[in-house]
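Down below is the structure, laid out as structure tokens.
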Amino acid sequence: MTGGPVHGTWEPRPAARWEDAFLCGNGRHGALVLGDPDDDRTVVTHHTLVRPNDDAGGRHRLPPLLAGQLPDVQDRLLSGDLTAAEDFTDERPLQWVRPFHPAFQVRLRHHEGAADLTGYRREVAFATGETTTRHDGRTSRVFVSRADDVIVQHVTGRDLTLRLSLDHRLPNAPDTLRVGHGAVLTAEGALLSLRVRYPGSDLAYTGVTVAAVTGGRTELAPPGVRITGAQSVLLLTRVLRHTGEADVAAEGRALRDLLTTDGPAYDTLLARHLALHRTAYERVTLDLDGDPAERALPGSALLARPRGTALLERLFAAGRYHLLSSGGLFPPRLTGLWTGDWDTAWSGAFTLDANLNLQTASAAAAALPEVSEAVAGFVQGQLPHWRDNARAVFGARGVVAPAHTDGESGHSYHFSREYPLHLWTAGADWLLKALVDHDETYGARDPRTAGVLAEVADFYEDFLTRTAPDGSLVVVPSYSPENRPANGGWGVLNAAMDLSAVRHALHTAAAYHPDRADRLRALAARLPPHRVNADGALAEWAWPGLEDTYDHRHLSHLYGVWPLDEITPYATPDLAEAARRALELRGPGNDSAHGHLHHALIAARLRDGKRVADALGRVLDGDFFHDSLMSAHYPRRNVYNADAAHTLPAVLIEALVQSAPDRLALLPAPLPALPSGRLTGIRTRFGAGLDLTWTPDGGTAVLRPDRTARITLWTSAGAEPLDLAAGRERVVPLPAATR
């Protein structure tokens, strides 16, 4: 890729803060590499590490038993008591989900004293997932194997002398943790272990590191070992969460088995990892004709030039890299797969009423089925608890997703009067939308997705029993995350998001289950239409008399625009104009990254490139990115959070290419600052790969269809039919007016 975008980033100094550490991950284990040449620290994380809390035996971690009260609350809301849902609770206190936390840091202390950083460089290569630190003749390389599920670190140099230990002492680690260290010498070097038991719990986690030392001398130096005069040190590390005691010897044998190879162990392990990681990463690239001088800059210097195209290239590449690296056992958390602090904002949870959905928005189009599979596995693991939510809160069959989860529990227990998240029923549809997109993209319906869609339909068949005076169905109670009407309570009637989600869920379930299609489509037909308010805007609540509250970061009512295709400039231009007006009236809320980029995604669907650019500019100008190119939730790098990092690729793709099973829009929301470029490897929902090239004078799109289809092609010149034949490449010219 010489002469094109840089597929990595680098810095001329170590990370002074863990937030600036370079990141590696395989969707299970994560590593934050700080690159200090004298105190080489790698913070280890794992998706399963959530801290148990004492909460009266778990009583408050079950969904509230409210089904018996539901008819009364519905009656009161329908009769005009717009605060009735505020009593629909079991009076429990707000209970956050169990917080995500780091495991420990692998420390290699070489010597004391201030280091001379002349010649220092640390870098991360996105295509390999390797971080490399070089200084004073010493090199340290780290990656997290996607093939062998192990953190690998290889240190080479002249006369390596260091102390190796596993250290749990990270910011805000509780003093009440019960910690035990182990270290034994082995034929190849040493076996280190660290057991951490949570207070008041039978849960614990154990880290195990095998050190293979070449040359020199290895001796015990509690809590670890001292290595003197070595040529290289190879470290293999895993962490596991468990009850009782972990079998450290067995874990050590499993790691030592990875050292048995025909060639250098590091190279063999890396090659197995690259077969999975590089293949996934290199499927899609974005080239914006960035300035070669800017492309050569370290990430911190690029961030100081927020309007350079080289920065957008690198953030796009970093976003796909971090999304791939954090998707595996689970999709990304609020912090992706990483944290260096036990006091993680918002518990480092999976937040399903915007954040996770935004982060994974590019999975289908950006050719990351690994991320879609992570979402599918996450959903399957939570289904028993989602069924409990439906029964306990609504007395219904089927499933209801929570708004927050730690990944371990899918029960809906995180709610309060101001955030009655247990009333929100649209979450399952939003998560399943990503899986339906995946099925459309690859041309096969996943039976797991079909099964969950059937259960979502079951829920709505039971829940939708109340009607308005005109005979239409009413979604009651109904909640629009995380907003309220100006003249009503937090849970009311017919939130626009709920109406869109119900329609989409029922029609999609009907497509997957033809035997139920007539009944489900008939139920969907009884829903009321969206309402346009006196301001000409799509109303957030389609119930007469409810007044909109505009200054809010969430855009839940525009769910029909994005991610759904319910409201489009192509098929529903009047509603699209009302949605555009609603977007125009929306304030920035609390200046959160996810609010700005959610705004940009909706604007792209409405073909408003200027508004996309303005929203994107708020993030680029607001100093939302750390030197690691992981992002923050608020401006000025305040609160480590993956929303912006993972969502930005989706914003750029949506501005350049949008697809539906029967439609392709090329340059639907062109950005003035990006007059030329190439986007290659994109996947479409009608089963074709796509490479796009554009310039001020036009461009071309090369389509490589996997299946035969007839679609409508939209460009700045208008619409035209386009026939595609499986296996036959099709080149489509773009008119100059697409600028």
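In the structure tokens, each chain is lettered A, B, ... as it comes, each chain's residues begin at 1, and ligands are numbered from 1 in order of appearance.
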Might you pull out every residue within 6 Å of region 15-24 of chain A, with only C-alpha atoms counted and same-chain residues fewer than 5 positions away left off, and present them as number ranges by chain?
A: 30-34, 129, 143-144, 340, 626-628
I need the chosen residues saved as an mmCIF file, in the first residue's frame, with C-alpha atoms.
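Okay, out16.cif is ready:
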data_model
loop_
_atom_site.group_PDB
_atom_site.id
_atom_site.type_symbol
_atom_site.label_atom_id
_atom_site.label_comp_id
_atom_site.auth_asym_id
_atom_site.auth_seq_id
_atom_site.Cartn_x
_atom_site.Cartn_y
_atom_site.Cartn_z
ATOM 1 C CA GLY A 30 -7.262 -7.010 25.007
ATOM 2 C CA ALA A 31 -3.909 -5.322 25.552
ATOM 3 C CA LEU A 32 -3.013 -1.670 26.140
ATOM 4 C CA VAL A 33 0.661 -1.108 25.344
ATOM 5 C CA LEU A 34 2.180 1.998 26.941
ATOM 6 C CA GLY A 129 -2.469 -6.016 15.003
ATOM 7 C CA PHE A 143 -0.110 -8.747 19.538
ATOM 8 C CA VAL A 144 -3.205 -10.619 20.680
ATOM 9 C CA GLY A 340 -6.799 0.878 32.331
ATOM 10 C CA HIS A 626 -6.592 10.262 22.221
ATOM 11 C CA ASP A 627 -3.128 9.704 20.751
ATOM 12 C CA SER A 628 -4.053 6.004 20.559
#
Give me, as an MDAnalysis selection string, the residues of region 234-298 of chain A that a backbone DSSP run labels helix (DSSP H, G or I).
chainID A and resid 248:257 265:281 292:295
Using only C-alpha atoms, which protein or nucleic acid residues come within 10 Å of Asp291 (chain A)? Drop anything in the same chain fewer than 5 positions from it, and give the result as a ChimeraX atom specification.
/A:4-5,296,308-311
Give me, please, the distance in Å between CA of Gly244 (chain A) and CA of Leu194 (chain A), quoted to one decimal.
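Between CA of Gly244 (chain A) and CA of Leu194 (chain A) the gap works out to 14.3 Å.
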How many Å separate CA of Arg295 (chain A) from CA of Pro12 (chain A)?
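These atoms are spaced 15.0 Å apart.
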If you run DSSP over the backbone, which residues in region 485-563 of chain A end up strand (DSSP E or B)? Put them as a PDB file with C-alpha atoms, in the first residue's frame.
ATOM      1  CA  VAL A 492     -46.140   7.828  27.480  1.00  0.00           C
ATOM      2  CA  ALA A 495     -43.066   6.976  20.596  1.00  0.00           C
ATOM      3  CA  VAL A 532     -45.821  15.705  11.765  1.00  0.00           C
ATOM      4  CA  LEU A 538     -41.485  14.439  12.510  1.00  0.00           C
ATOM      5  CA  TRP A 541     -44.478  10.917  19.883  1.00  0.00           C
TER       6      TRP A 541
END
Find the spatial neighbours of Arg109 (chain A), counting only C-alpha atoms, within a cut-off of 12 Å - ignore same-chain residues fewer than 4 positions away - and output them as a list in words.
Gly35, Asp36, Pro37, Asp38, Asp39, Asp40, Arg41, Thr42, Gln105, Gly113, Leu160, Thr161, Leu162, Arg163, Leu164, Ser165, Leu166, Asp167, Gly224, Val225, Arg226, Ile227 and Thr228 of chain A
Output file for the selection above: N, CA and C atoms, as a PDB file, in the first residue's frame:
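Generated file (selection-v2.pdb):
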ATOM      1  N   GLY A  35       4.429   1.348  26.230  1.00  0.00           N
ATOM      2  CA  GLY A  35       5.695   1.580  25.545  1.00  0.00           C
ATOM      3  C   GLY A  35       6.746   2.315  26.336  1.00  0.00           C
ATOM      4  N   ASP A  36       6.701   2.258  27.664  1.00  0.00           N
ATOM      5  CA  ASP A  36       7.741   2.891  28.476  1.00  0.00           C
ATOM      6  C   ASP A  36       9.014   2.050  28.380  1.00  0.00           C
ATOM      7  N   PRO A  37      10.134   2.614  27.919  1.00  0.00           N
ATOM      8  CA  PRO A  37      11.328   1.782  27.694  1.00  0.00           C
ATOM      9  C   PRO A  37      11.947   1.236  28.975  1.00  0.00           C
ATOM     10  N   ASP A  38      11.720   1.894  30.128  1.00  0.00           N
ATOM     11  CA  ASP A  38      12.296   1.412  31.381  1.00  0.00           C
ATOM     12  C   ASP A  38      11.310   0.606  32.210  1.00  0.00           C
ATOM     13  N   ASP A  39      10.025   0.896  32.079  1.00  0.00           N
ATOM     14  CA  ASP A  39       8.985   0.155  32.797  1.00  0.00           C
ATOM     15  C   ASP A  39       7.945  -0.242  31.759  1.00  0.00           C
ATOM     16  N   ASP A  40       8.262  -1.287  31.005  1.00  0.00           N
ATOM     17  CA  ASP A  40       7.455  -1.724  29.866  1.00  0.00           C
ATOM     18  C   ASP A  40       6.176  -2.376  30.399  1.00  0.00           C
ATOM     19  N   ARG A  41       5.053  -1.681  30.256  1.00  0.00           N
ATOM     20  CA  ARG A  41       3.791  -2.147  30.830  1.00  0.00           C
ATOM     21  C   ARG A  41       2.784  -2.460  29.727  1.00  0.00           C
ATOM     22  N   THR A  42       2.160  -3.618  29.848  1.00  0.00           N
ATOM     23  CA  THR A  42       1.057  -4.013  28.975  1.00  0.00           C
ATOM     24  C   THR A  42      -0.131  -4.336  29.867  1.00  0.00           C
ATOM     25  N   GLN A 105      -1.386  -5.656  34.867  1.00  0.00           N
ATOM     26  CA  GLN A 105      -0.399  -5.250  33.873  1.00  0.00           C
ATOM     27  C   GLN A 105       0.805  -6.190  33.948  1.00  0.00           C
ATOM     28  N   GLY A 113      15.415   5.343  36.658  1.00  0.00           N
ATOM     29  CA  GLY A 113      15.969   6.587  36.162  1.00  0.00           C
ATOM     30  C   GLY A 113      15.303   7.049  34.895  1.00  0.00           C
ATOM     31  N   LEU A 160      19.768  -8.329  27.810  1.00  0.00           N
ATOM     32  CA  LEU A 160      18.528  -7.921  28.482  1.00  0.00           C
ATOM     33  C   LEU A 160      18.590  -8.264  29.967  1.00  0.00           C
ATOM     34  N   THR A 161      18.403  -7.263  30.789  1.00  0.00           N
ATOM     35  CA  THR A 161      18.354  -7.442  32.236  1.00  0.00           C
ATOM     36  C   THR A 161      17.102  -6.753  32.745  1.00  0.00           C
ATOM     37  N   LEU A 162      16.225  -7.530  33.352  1.00  0.00           N
ATOM     38  CA  LEU A 162      14.924  -6.965  33.714  1.00  0.00           C
ATOM     39  C   LEU A 162      14.276  -7.772  34.827  1.00  0.00           C
ATOM     40  N   ARG A 163      13.275  -7.164  35.452  1.00  0.00           N
ATOM     41  CA  ARG A 163      12.415  -7.839  36.421  1.00  0.00           C
ATOM     42  C   ARG A 163      11.031  -7.977  35.791  1.00  0.00           C
ATOM     43  N   LEU A 164      10.509  -9.193  35.832  1.00  0.00           N
ATOM     44  CA  LEU A 164       9.207  -9.494  35.231  1.00  0.00           C
ATOM     45  C   LEU A 164       8.205  -9.798  36.336  1.00  0.00           C
ATOM     46  N   SER A 165       7.016  -9.150  36.265  1.00  0.00           N
ATOM     47  CA  SER A 165       5.979  -9.426  37.259  1.00  0.00           C
ATOM     48  C   SER A 165       4.612  -9.149  36.659  1.00  0.00           C
ATOM     49  N   LEU A 166       3.592  -9.721  37.292  1.00  0.00           N
ATOM     50  CA  LEU A 166       2.194  -9.421  36.990  1.00  0.00           C
ATOM     51  C   LEU A 166       1.677  -8.553  38.127  1.00  0.00           C
ATOM     52  N   ASP A 167       1.187  -7.381  37.797  1.00  0.00           N
ATOM     53  CA  ASP A 167       0.882  -6.363  38.810  1.00  0.00           C
ATOM     54  C   ASP A 167      -0.571  -5.926  38.678  1.00  0.00           C
ATOM     55  N   GLY A 224       7.833 -11.899  41.178  1.00  0.00           N
ATOM     56  CA  GLY A 224       8.065 -12.398  39.832  1.00  0.00           C
ATOM     57  C   GLY A 224       9.431 -13.022  39.698  1.00  0.00           C
ATOM     58  N   VAL A 225      10.112 -12.689  38.593  1.00  0.00           N
ATOM     59  CA  VAL A 225      11.440 -13.241  38.347  1.00  0.00           C
ATOM     60  C   VAL A 225      12.368 -12.135  37.867  1.00  0.00           C
ATOM     61  N   ARG A 226      13.683 -12.388  38.020  1.00  0.00           N
ATOM     62  CA  ARG A 226      14.710 -11.497  37.485  1.00  0.00           C
ATOM     63  C   ARG A 226      15.416 -12.235  36.358  1.00  0.00           C
ATOM     64  N   ILE A 227      15.567 -11.553  35.232  1.00  0.00           N
ATOM     65  CA  ILE A 227      16.246 -12.116  34.063  1.00  0.00           C
ATOM     66  C   ILE A 227      17.495 -11.288  33.815  1.00  0.00           C
ATOM     67  N   THR A 228      18.633 -11.943  33.640  1.00  0.00           N
ATOM     68  CA  THR A 228      19.907 -11.240  33.487  1.00  0.00           C
ATOM     69  C   THR A 228      20.635 -11.751  32.245  1.00  0.00           C
TER      70      THR A 228
END
